[in-house]
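Data from upload.json: JSON, C-alpha atoms
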```
[["chain", "number", "residue", "atom", "x", "y", "z"],
["A", 1, "ASP", "CA", -8.60, 120.55, -24.64],
["A", 2, "THR", "CA", -8.06, 117.74, -22.19],
["A", 3, "GLY", "CA", -5.92, 115.63, -24.48],
["A", 4, "VAL", "CA", -6.31, 112.02, -25.53],
["A", 5, "SER", "CA", -7.12, 109.69, -22.66],
["A", 6, "GLN", "CA", -6.83, 105.92, -22.47],
["A", 7, "ASP", "CA", -8.19, 103.41, -20.00],
["A", 8, "PRO", "CA", -6.87, 101.35, -18.35],
["A", 9, "ARG", "CA", -3.28, 102.49, -18.16],
["A", 10, "HIS", "CA", -2.07, 99.02, -17.25],
["A", 11, "LYS", "CA", -3.56, 95.57, -17.80],
["A", 12, "ILE", "CA", -2.24, 92.19, -16.73],
["A", 13, "THR", "CA", -4.07, 89.17, -18.06],
["A", 14, "LYS", "CA", -3.60, 85.49, -18.52],
["A", 15, "ARG", "CA", -3.05, 83.91, -21.89],
["A", 16, "GLY", "CA", -6.36, 83.10, -23.55],
["A", 17, "GLN", "CA", -8.36, 85.84, -21.87],
["A", 18, "ASN", "CA", -10.05, 88.68, -23.73],
["A", 19, "VAL", "CA", -9.16, 92.30, -23.03],
["A", 20, "THR", "CA", -10.71, 95.60, -24.07],
["A", 21, "PHE", "CA", -9.11, 99.02, -24.08],
["A", 22, "ARG", "CA", -10.81, 102.38, -24.41],
["A", 23, "CYS", "CA", -9.62, 105.60, -26.01],
["A", 24, "ASP", "CA", -11.25, 109.01, -25.70],
["A", 25, "PRO", "CA", -9.93, 111.39, -28.35],
["A", 26, "ILE", "CA", -9.63, 115.15, -28.24],
["A", 27, "SER", "CA", -13.11, 116.50, -28.74],
["A", 28, "GLU", "CA", -13.90, 117.59, -32.32],
["A", 29, "HIS", "CA", -11.16, 115.32, -33.69],
["A", 30, "ASN", "CA", -12.69, 113.20, -36.42],
["A", 31, "ARG", "CA", -9.82, 110.75, -36.83],
["A", 32, "LEU", "CA", -8.71, 108.19, -34.30],
["A", 33, "TYR", "CA", -5.73, 105.87, -34.62],
["A", 34, "TRP", "CA", -4.49, 102.79, -32.79],
["A", 35, "TYR", "CA", -0.82, 101.84, -32.68],
["A", 36, "ARG", "CA", 1.18, 99.18, -30.88],
["A", 37, "GLN", "CA", 4.64, 99.72, -29.46],
["A", 38, "THR", "CA", 7.03, 97.07, -28.20],
["A", 39, "LEU", "CA", 10.23, 97.67, -26.29],
["A", 40, "GLY", "CA", 12.94, 99.27, -28.37],
["A", 41, "GLN", "CA", 10.69, 99.87, -31.35],
["A", 42, "GLY", "CA", 8.68, 102.74, -32.72],
["A", 43, "PRO", "CA", 4.90, 102.64, -32.72],
["A", 44, "GLU", "CA", 3.38, 100.35, -35.34],
["A", 45, "PHE", "CA", 0.08, 101.24, -37.02],
["A", 46, "LEU", "CA", -2.89, 98.99, -36.32],
["A", 47, "THR", "CA", -6.01, 100.73, -37.60],
["A", 48, "TYR", "CA", -7.78, 104.06, -37.89],
["A", 49, "PHE", "CA", -11.22, 105.61, -38.04],
["A", 50, "GLN", "CA", -12.65, 108.68, -39.61],
["A", 51, "ASN", "CA", -15.74, 109.42, -37.58],
["A", 52, "GLU", "CA", -17.31, 105.97, -37.12],
["A", 53, "ALA", "CA", -15.92, 104.43, -40.30],
["A", 54, "GLN", "CA", -12.88, 102.18, -40.04],
["A", 55, "LEU", "CA", -10.83, 103.26, -43.04],
["A", 56, "GLU", "CA", -7.72, 101.14, -42.82],
["A", 57, "LYS", "CA", -6.42, 98.10, -40.98],
["A", 58, "SER", "CA", -2.87, 96.85, -40.89],
["A", 59, "ARG", "CA", -2.25, 93.54, -42.59],
["A", 60, "LEU", "CA", -0.39, 92.62, -39.43],
["A", 61, "LEU", "CA", -3.61, 92.90, -37.43],
["A", 62, "SER", "CA", -4.74, 89.41, -36.60],
["A", 63, "ASP", "CA", -8.45, 88.56, -36.64],
["A", 64, "ARG", "CA", -8.25, 88.32, -32.85],
["A", 65, "PHE", "CA", -8.10, 92.11, -32.83],
["A", 66, "SER", "CA", -11.17, 94.22, -33.39],
["A", 67, "ALA", "CA", -11.75, 97.93, -33.00],
["A", 68, "GLU", "CA", -14.90, 100.02, -32.96],
["A", 69, "ARG", "CA", -15.85, 103.64, -32.84],
["A", 70, "PRO", "CA", -19.63, 103.38, -32.75],
["A", 71, "LYS", "CA", -20.63, 107.01, -32.40],
["A", 72, "GLY", "CA", -17.58, 108.63, -33.86],
["A", 73, "SER", "CA", -16.30, 109.65, -30.45],
["A", 74, "PHE", "CA", -14.54, 107.14, -28.18],
["A", 75, "SER", "CA", -13.09, 103.90, -29.52],
["A", 76, "THR", "CA", -12.49, 100.44, -28.13],
["A", 77, "LEU", "CA", -9.84, 97.93, -29.07],
["A", 78, "GLU", "CA", -10.53, 94.32, -28.15],
["A", 79, "ILE", "CA", -8.06, 91.48, -28.22],
["A", 80, "GLN", "CA", -9.56, 88.01, -28.03],
["A", 81, "ARG", "CA", -7.70, 84.93, -26.81],
["A", 82, "THR", "CA", -4.63, 86.92, -25.84],
["A", 83, "GLU", "CA", -1.18, 85.51, -26.48],
["A", 84, "GLN", "CA", 2.12, 86.39, -24.85],
["A", 85, "GLY", "CA", 3.18, 88.07, -28.07],
["A", 86, "ASP", "CA", 0.38, 90.60, -27.59],
["A", 87, "SER", "CA", 2.27, 92.12, -24.66],
["A", 88, "ALA", "CA", 2.98, 95.70, -25.69],
["A", 89, "MET", "CA", 1.99, 99.32, -25.20],
["A", 90, "TYR", "CA", -1.20, 100.14, -27.10],
["A", 91, "LEU", "CA", -1.32, 103.78, -28.14],
["A", 92, "CYS", "CA", -4.23, 105.84, -29.29],
["A", 93, "ALA", "CA", -3.94, 109.08, -31.23],
["A", 94, "SER", "CA", -6.46, 111.53, -32.62],
["A", 95, "SER", "CA", -6.39, 114.24, -35.24],
["A", 96, "SER", "CA", -8.53, 116.60, -37.22],
["A", 97, "SER", "CA", -8.25, 115.83, -40.91],
["A", 98, "ASN", "CA", -8.65, 118.48, -43.56],
["A", 99, "VAL", "CA", -8.40, 118.89, -47.29],
["A", 100, "GLY", "CA", -4.99, 117.86, -48.53],
["A", 101, "GLY", "CA", -4.44, 115.42, -45.72],
["A", 102, "LEU", "CA", -2.53, 117.79, -43.51],
["A", 103, "GLU", "CA", -3.08, 116.53, -40.03],
["A", 104, "THR", "CA", -1.18, 116.21, -36.80],
["A", 105, "GLN", "CA", -1.78, 113.28, -34.50],
["A", 106, "TYR", "CA", -1.86, 113.75, -30.74],
["A", 107, "PHE", "CA", -1.11, 110.72, -28.66],
["A", 108, "GLY", "CA", -2.55, 109.42, -25.43],
["A", 109, "PRO", "CA", -0.54, 107.90, -22.57],
["A", 110, "GLY", "CA", -1.11, 104.35, -23.77],
["A", 111, "THR", "CA", -2.30, 101.11, -22.20],
["A", 112, "ARG", "CA", 0.46, 98.73, -21.22],
["A", 113, "LEU", "CA", -0.64, 95.12, -21.64],
["A", 114, "LEU", "CA", 1.17, 92.18, -20.08],
["A", 115, "VAL", "CA", 0.01, 88.70, -21.00],
["A", 116, "LEU", "CA", 1.20, 86.00, -18.62],
["B", 1, "ALA", "CA", 8.17, 99.22, -48.96],
["B", 2, "GLN", "CA", 7.44, 102.24, -46.82],
["B", 3, "SER", "CA", 9.90, 102.60, -44.00],
["B", 4, "VAL", "CA", 11.77, 105.01, -41.76],
["B", 5, "SER", "CA", 15.33, 104.45, -40.63],
["B", 6, "GLN", "CA", 16.94, 106.16, -37.67],
["B", 7, "HIS", "CA", 20.65, 105.57, -37.74],
["B", 8, "ASN", "CA", 21.53, 106.25, -34.15],
["B", 9, "HIS", "CA", 19.88, 104.00, -31.60],
["B", 10, "HIS", "CA", 21.53, 105.40, -28.51],
["B", 11, "VAL", "CA", 23.31, 108.75, -28.25],
["B", 12, "ILE", "CA", 25.11, 110.06, -25.19],
["B", 13, "LEU", "CA", 26.09, 113.74, -25.04],
["B", 14, "SER", "CA", 27.28, 116.20, -22.47],
["B", 15, "GLU", "CA", 25.27, 119.34, -21.80],
["B", 16, "ALA", "CA", 25.90, 122.14, -24.32],
["B", 17, "ALA", "CA", 27.00, 119.69, -27.01],
["B", 18, "SER", "CA", 25.36, 119.91, -30.42],
["B", 19, "LEU", "CA", 22.91, 117.26, -31.53],
["B", 20, "GLU", "CA", 22.06, 115.77, -34.88],
["B", 21, "LEU", "CA", 19.84, 112.71, -35.18],
["B", 22, "GLY", "CA", 19.57, 111.07, -38.56],
["B", 23, "CYS", "CA", 16.32, 110.04, -40.22],
["B", 24, "ASN", "CA", 15.89, 108.59, -43.69],
["B", 25, "TYR", "CA", 12.65, 107.43, -45.21],
["B", 26, "SER", "CA", 11.44, 105.31, -48.06],
["B", 27, "TYR", "CA", 8.02, 106.43, -49.24],
["B", 28, "GLY", "CA", 6.46, 107.03, -52.64],
["B", 29, "GLY", "CA", 4.80, 110.32, -53.41],
["B", 30, "THR", "CA", 4.34, 113.44, -51.36],
["B", 31, "VAL", "CA", 5.41, 113.07, -47.75],
["B", 32, "ASN", "CA", 4.67, 114.75, -44.48],
["B", 33, "LEU", "CA", 7.41, 114.36, -41.88],
["B", 34, "PHE", "CA", 7.38, 114.49, -38.11],
["B", 35, "TRP", "CA", 9.61, 114.24, -35.11],
["B", 36, "TYR", "CA", 8.01, 113.11, -31.87],
["B", 37, "VAL", "CA", 9.65, 113.01, -28.45],
["B", 38, "GLN", "CA", 8.88, 110.84, -25.45],
["B", 39, "TYR", "CA", 10.28, 112.09, -22.16],
["B", 40, "PRO", "CA", 10.69, 109.53, -19.37],
["B", 41, "GLY", "CA", 7.29, 108.56, -18.01],
["B", 42, "GLN", "CA", 5.41, 110.74, -20.45],
["B", 43, "HIS", "CA", 3.50, 110.15, -23.66],
["B", 44, "LEU", "CA", 4.58, 110.94, -27.20],
["B", 45, "GLN", "CA", 4.62, 114.64, -27.96],
["B", 46, "LEU", "CA", 5.04, 116.44, -31.25],
["B", 47, "LEU", "CA", 8.40, 118.18, -31.57],
["B", 48, "LEU", "CA", 8.06, 119.53, -35.09],
["B", 49, "LYS", "CA", 6.56, 118.76, -38.48],
["B", 50, "TYR", "CA", 7.08, 119.42, -42.16],
["B", 51, "PHE", "CA", 4.24, 119.58, -44.65],
["B", 52, "SER", "CA", 5.52, 121.87, -47.38],
["B", 53, "GLY", "CA", 7.38, 125.12, -47.99],
["B", 54, "ASP", "CA", 10.63, 126.03, -46.26],
["B", 55, "PRO", "CA", 12.55, 122.77, -45.78],
["B", 56, "LEU", "CA", 14.07, 124.04, -42.55],
["B", 57, "VAL", "CA", 11.44, 123.77, -39.85],
["B", 58, "LYS", "CA", 11.66, 124.91, -36.28],
["B", 59, "GLY", "CA", 9.99, 123.18, -33.40],
["B", 60, "ILE", "CA", 9.65, 123.51, -29.68],
["B", 61, "LYS", "CA", 12.53, 123.78, -27.21],
["B", 62, "GLY", "CA", 15.06, 124.98, -29.80],
["B", 63, "PHE", "CA", 14.88, 121.94, -32.06],
["B", 64, "GLU", "CA", 14.92, 122.19, -35.84],
["B", 65, "ALA", "CA", 14.92, 119.76, -38.73],
["B", 66, "GLU", "CA", 15.83, 119.98, -42.38],
["B", 67, "PHE", "CA", 14.00, 118.16, -45.14],
["B", 68, "ILE", "CA", 16.36, 117.20, -47.96],
["B", 69, "LYS", "CA", 14.21, 115.65, -50.66],
["B", 70, "SER", "CA", 17.11, 114.41, -52.77],
["B", 71, "LYS", "CA", 18.49, 112.48, -49.82],
["B", 72, "PHE", "CA", 15.11, 111.34, -48.45],
["B", 73, "SER", "CA", 16.25, 112.71, -45.12],
["B", 74, "PHE", "CA", 14.75, 114.70, -42.26],
["B", 75, "ASN", "CA", 17.49, 115.09, -39.67],
["B", 76, "LEU", "CA", 16.84, 116.64, -36.29],
["B", 77, "ARG", "CA", 19.25, 119.19, -34.83],
["B", 78, "LYS", "CA", 19.78, 121.27, -31.74],
["B", 79, "PRO", "CA", 22.80, 123.53, -31.25],
["B", 80, "SER", "CA", 23.13, 123.01, -27.51],
["B", 81, "VAL", "CA", 21.42, 120.21, -25.61],
["B", 82, "GLN", "CA", 20.29, 120.33, -22.02],
["B", 83, "TRP", "CA", 19.92, 117.59, -19.43],
["B", 84, "SER", "CA", 16.13, 117.96, -19.82],
["B", 85, "ASP", "CA", 16.42, 116.82, -23.45],
["B", 86, "THR", "CA", 17.05, 113.28, -22.24],
["B", 87, "ALA", "CA", 14.31, 111.34, -23.99],
["B", 88, "GLU", "CA", 13.48, 109.01, -26.84],
["B", 89, "TYR", "CA", 13.07, 110.61, -30.26],
["B", 90, "PHE", "CA", 11.01, 109.19, -33.09],
["B", 91, "CYS", "CA", 10.97, 110.20, -36.74],
["B", 92, "ALA", "CA", 7.75, 109.46, -38.65],
["B", 93, "VAL", "CA", 6.36, 109.85, -42.14],
["B", 94, "THR", "CA", 2.94, 109.85, -43.71],
["B", 95, "GLY", "CA", 1.61, 110.47, -47.18],
["B", 96, "SER", "CA", -1.01, 112.75, -48.66],
["B", 97, "ASN", "CA", -3.66, 110.06, -49.04],
["B", 98, "THR", "CA", -3.41, 108.43, -45.62],
["B", 99, "GLY", "CA", -2.93, 109.58, -42.09],
["B", 100, "LYS", "CA", -1.16, 106.38, -41.07],
["B", 101, "LEU", "CA", 2.19, 107.25, -39.48],
["B", 102, "ILE", "CA", 5.19, 105.07, -40.15],
["B", 103, "PHE", "CA", 7.73, 105.42, -37.38],
["B", 104, "GLY", "CA", 11.42, 104.76, -37.13],
["B", 105, "GLN", "CA", 12.62, 102.60, -34.26],
["B", 106, "GLY", "CA", 13.63, 105.60, -32.21],
["B", 107, "THR", "CA", 16.81, 107.11, -30.80],
["B", 108, "THR", "CA", 17.43, 107.26, -27.09],
["B", 109, "LEU", "CA", 19.24, 110.45, -26.16],
["B", 110, "GLN", "CA", 21.01, 110.65, -22.83],
["B", 111, "VAL", "CA", 22.39, 114.05, -21.83],
["B", 112, "LYS", "CA", 24.92, 114.05, -19.02],
["B", 113, "PRO", "CA", 24.89, 117.09, -16.74]]
```
How does this structure look as structure tokens?
Amino acid sequence: DTGVSQDPRHKITKRGQNVTFRCDPISEHNRLYWYRQTLGQGPEFLTYFQNEAQLEKSRLLSDRFSAERPKGSFSTLEIQRTEQGDSAMYLCASSSSNVGGLETQYFGPGTRLLVL
Amino acid sequence: AQSVSQHNHHVILSEAASLELGCNYSYGGTVNLFWYVQYPGQHLQLLLKYFSGDPLVKGIKGFEAEFIKSKFSFNLRKPSVQWSDTAEYFCAVTGSNTGKLIFGQGTTLQVKP
């Protein structure tokens, strides 16, 4: 169990550029979550996958954001035409779901995005 | 609306003092409750969780939390804090039909040696 990994750990970009982040979950975990965290706040849910299916997206998620998990393993989160308000820590978590919905999410170290 | 409220934003204690961090939630239906901790420079780690059964749950490093359904609360406690407990603490809730975690805004705990 190597834990959840995220790449890159830090990203600085200029407003209007596109960025893509990657998350590798704990192996055998079928669920993968993306959250966003800004300074002084708790993580905020963005979207999640069960295997390769995207099951839920936050209403707060603008259409500039897209996430994929093509083979049910790693996932990517892309932000198009970045804005300064997108500056945040982007967290990935994974879990193994079971009957009854009892699951525990394990978090990665996050990708810190700064949009200039 | 589903939400989690953590009453204390910043707590400062001396070593050996007792700790209680408040957490209240607003969520319809069956809930699963969590406390996560983020030590300086590290990622979020699970401290403890409640799914069902005994409302008093014990976690790592001597922490415990009590689920009081009638008060919609899940307060975190530790009888005697250590300097190494300095961290940010997050309460979170999820329901039985979704894994989406809803977090409180966090409490920063500073323990003075």
> Quick one, how far is atom CA of A:Gln80 from atom CA of A:His10?
Replying inline: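 Between these atoms lies a distance of 17.1 Å.
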>> What are the residues of chain A lining chain B at 8 Å or less? Count only C-alpha atoms, and put the answer as a ChimeraX atom specification.
In response: /A:33,40-45,48,100-103,106-110
>> Within 8 Å of (8.5, 105.1, -45.4) (file coordinates; only C-alpha atoms), which protein or nucleic acid residues are there? I'd like them as a PyMOL selection string.
In response: chain B and resi 1-4+25-28+93-94+102
With 5 Å on each side, where is the centre of the axis-aligned box around all listed atoms of stretch 7-24 of chain B, and how long are its edges in Å to one decimal, as AutoDock Vina command-line options?
```
--center_x 21.6 --center_y 113.1 --center_z -32.7 --size_x 21.4 --size_y 28.1 --size_z 31.9
```
So that I can see what lies close to A:Ser97, please list as an mmCIF file with C-alpha atoms, in the coordinates of the input the residues with an atom at most 9 Å from it, counting all atoms listed in the file and leaving out residues fewer than 6 positions away in the same chain.
```
data_model
loop_
_atom_site.group_PDB
_atom_site.id
_atom_site.type_symbol
_atom_site.label_atom_id
_atom_site.label_comp_id
_atom_site.auth_asym_id
_atom_site.auth_seq_id
_atom_site.Cartn_x
_atom_site.Cartn_y
_atom_site.Cartn_z
ATOM 1 C CA HIS A 29 -11.160 115.320 -33.690
ATOM 2 C CA ASN A 30 -12.690 113.200 -36.420
ATOM 3 C CA ARG A 31 -9.820 110.750 -36.830
ATOM 4 C CA GLN A 50 -12.650 108.680 -39.610
ATOM 5 C CA GLU A 103 -3.080 116.530 -40.030
ATOM 6 C CA THR A 104 -1.180 116.210 -36.800
ATOM 7 C CA GLY B 99 -2.930 109.580 -42.090
#
```
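Distance check against A:Gly3 using all atoms listed in the file: of A:Leu60, A:Leu116, A:Ala93, A:Leu46, the minimum falls on A:Ala93.
All polymer residues at most 8 Å from (2.9, 90.6, -23.5), using only C-alpha atoms, appear as A:Glu83, A:Gln84, A:Gly85, A:Asp86, A:Ser87, A:Ala88, A:Leu113, A:Leu114, A:Val115, A:Leu116.
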> Quick one: distance from atom CA of B:Lys61 to atom CA of B:His10 in Å, one decimal?
Replying inline: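 The value is 20.5 Å.
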>> as an MDAnalysis selection string, please: the residues near B:Leu47 (cut-off 8 Å, only C-alpha atoms, same-chain neighbours under 4 positions excluded).
In response: chainID B and resid 34:37 59:60 63
>> Using Å and a single decimal, report how far atom CA of B:Val11 sits from atom CA of B:Leu109.
In response: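 If I compute the distance from atom CA of B:Leu109 to atom CA of B:Val11, I get 4.9 Å.
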If we count only C-alpha atoms and set the cut-off at 12 Å, which residues sit around B:Lys112, ignoring sequence neighbours fewer than 6 positions away in its own chain? Please answer as a short mmCIF file (atom, residue, chain, number, x, y, z; two decimals) with C-alpha atoms, keeping the file's coordinate frame.
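Generated output (selection-v2.cif):
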```
data_model
loop_
_atom_site.label_atom_id
_atom_site.label_comp_id
_atom_site.auth_asym_id
_atom_site.auth_seq_id
_atom_site.Cartn_x
_atom_site.Cartn_y
_atom_site.Cartn_z
CA VAL B 11 23.31 108.75 -28.25
CA ILE B 12 25.11 110.06 -25.19
CA LEU B 13 26.09 113.74 -25.04
CA SER B 14 27.28 116.20 -22.47
CA GLU B 15 25.27 119.34 -21.80
CA ALA B 16 25.90 122.14 -24.32
CA ALA B 17 27.00 119.69 -27.01
CA VAL B 81 21.42 120.21 -25.61
CA GLN B 82 20.29 120.33 -22.02
CA TRP B 83 19.92 117.59 -19.43
CA SER B 84 16.13 117.96 -19.82
CA ASP B 85 16.42 116.82 -23.45
CA THR B 86 17.05 113.28 -22.24
#
```
>> When you look at A:Gln6 with a cut-off of 8 Å (counting only C-alpha atoms), what residues show up, excluding the ones that are within fewer than 2 positions of it in the same chain? I need them as a list in words.
In response: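 Those residues are Val4, Pro8, Arg9, Phe21, Arg22, Cys23, Asp24, Cys92, Gly108, Pro109, Gly110 and Thr111 of chain A.
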> Which one of B:Gly29, B:Ala87, B:Gly22, B:Pro40 sits closest to B:Glu66 if you count only C-alpha atoms?
Replying inline: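 Checking each of B:Gly29, B:Ala87, B:Gly22, B:Pro40 against B:Glu66, counting only C-alpha atoms, the winner is B:Gly22.
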Please, can stretch 61-71 of chain B be completed to all heavy atoms and returned as a compact mmCIF listing (two decimals), in the coordinates of the input?
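Output contents, as saved in rebuild-v3.txt:
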```
# COMPACT_ATOMS: atom_id res chain seq x y z
N LYS B 61 11.33 123.99 -28.02
CA LYS B 61 12.53 123.78 -27.21
C LYS B 61 13.83 123.91 -28.01
O LYS B 61 14.82 123.26 -27.68
CB LYS B 61 12.46 122.43 -26.49
CG LYS B 61 11.23 122.30 -25.63
CD LYS B 61 11.22 121.04 -24.80
CE LYS B 61 9.95 120.99 -23.96
NZ LYS B 61 9.92 119.82 -23.06
N GLY B 62 13.84 124.72 -29.06
CA GLY B 62 15.06 124.98 -29.80
C GLY B 62 15.45 123.93 -30.83
O GLY B 62 16.53 124.00 -31.41
N PHE B 63 14.59 122.96 -31.07
CA PHE B 63 14.88 121.94 -32.06
C PHE B 63 14.53 122.44 -33.46
O PHE B 63 13.61 123.25 -33.64
CB PHE B 63 14.10 120.66 -31.77
CG PHE B 63 14.64 119.86 -30.63
CD1 PHE B 63 14.18 120.09 -29.33
CD2 PHE B 63 15.60 118.89 -30.83
CE1 PHE B 63 14.68 119.37 -28.26
CE2 PHE B 63 16.10 118.16 -29.76
CZ PHE B 63 15.64 118.40 -28.48
N GLU B 64 15.24 121.93 -34.45
CA GLU B 64 14.92 122.19 -35.84
C GLU B 64 15.24 120.94 -36.66
O GLU B 64 15.98 120.06 -36.21
CB GLU B 64 15.70 123.39 -36.38
CG GLU B 64 17.20 123.20 -36.41
CD GLU B 64 17.92 124.41 -36.99
OE1 GLU B 64 17.44 125.55 -36.82
OE2 GLU B 64 18.98 124.20 -37.61
N ALA B 65 14.66 120.89 -37.84
CA ALA B 65 14.92 119.76 -38.73
C ALA B 65 14.94 120.27 -40.16
O ALA B 65 14.25 121.23 -40.50
CB ALA B 65 13.87 118.67 -38.57
N GLU B 66 15.73 119.60 -40.99
CA GLU B 66 15.83 119.98 -42.38
C GLU B 66 15.41 118.84 -43.28
O GLU B 66 15.93 117.72 -43.17
CB GLU B 66 17.26 120.40 -42.73
CG GLU B 66 17.40 120.92 -44.15
CD GLU B 66 18.77 121.45 -44.46
OE1 GLU B 66 19.71 121.22 -43.66
OE2 GLU B 66 18.92 122.10 -45.51
N PHE B 67 14.47 119.13 -44.16
CA PHE B 67 14.00 118.16 -45.14
C PHE B 67 14.87 118.29 -46.38
O PHE B 67 14.92 119.35 -47.01
CB PHE B 67 12.53 118.45 -45.47
CG PHE B 67 11.99 117.66 -46.64
CD1 PHE B 67 12.15 116.28 -46.71
CD2 PHE B 67 11.29 118.29 -47.65
CE1 PHE B 67 11.63 115.56 -47.77
CE2 PHE B 67 10.76 117.58 -48.72
CZ PHE B 67 10.94 116.22 -48.79
N ILE B 68 15.58 117.23 -46.73
CA ILE B 68 16.36 117.20 -47.96
C ILE B 68 15.76 116.13 -48.85
O ILE B 68 16.00 114.92 -48.66
CB ILE B 68 17.86 116.93 -47.69
CG1 ILE B 68 18.42 117.99 -46.73
CG2 ILE B 68 18.64 116.94 -49.00
CD1 ILE B 68 19.89 117.80 -46.39
N LYS B 69 14.98 116.58 -49.82
CA LYS B 69 14.21 115.65 -50.66
C LYS B 69 15.12 114.70 -51.44
O LYS B 69 14.83 113.51 -51.56
CB LYS B 69 13.32 116.43 -51.61
CG LYS B 69 12.31 115.59 -52.36
CD LYS B 69 11.38 116.47 -53.19
CE LYS B 69 10.36 115.63 -53.94
NZ LYS B 69 9.44 116.49 -54.74
N SER B 70 16.22 115.23 -51.94
CA SER B 70 17.11 114.41 -52.77
C SER B 70 17.79 113.30 -51.98
O SER B 70 18.21 112.29 -52.54
CB SER B 70 18.19 115.29 -53.41
OG SER B 70 18.97 115.92 -52.41
N LYS B 71 17.87 113.48 -50.69
CA LYS B 71 18.49 112.48 -49.82
C LYS B 71 17.46 111.70 -49.02
O LYS B 71 17.84 110.85 -48.20
CB LYS B 71 19.48 113.15 -48.86
CG LYS B 71 20.68 113.78 -49.55
CD LYS B 71 21.67 114.31 -48.53
CE LYS B 71 22.90 114.89 -49.22
NZ LYS B 71 23.90 115.41 -48.24
```
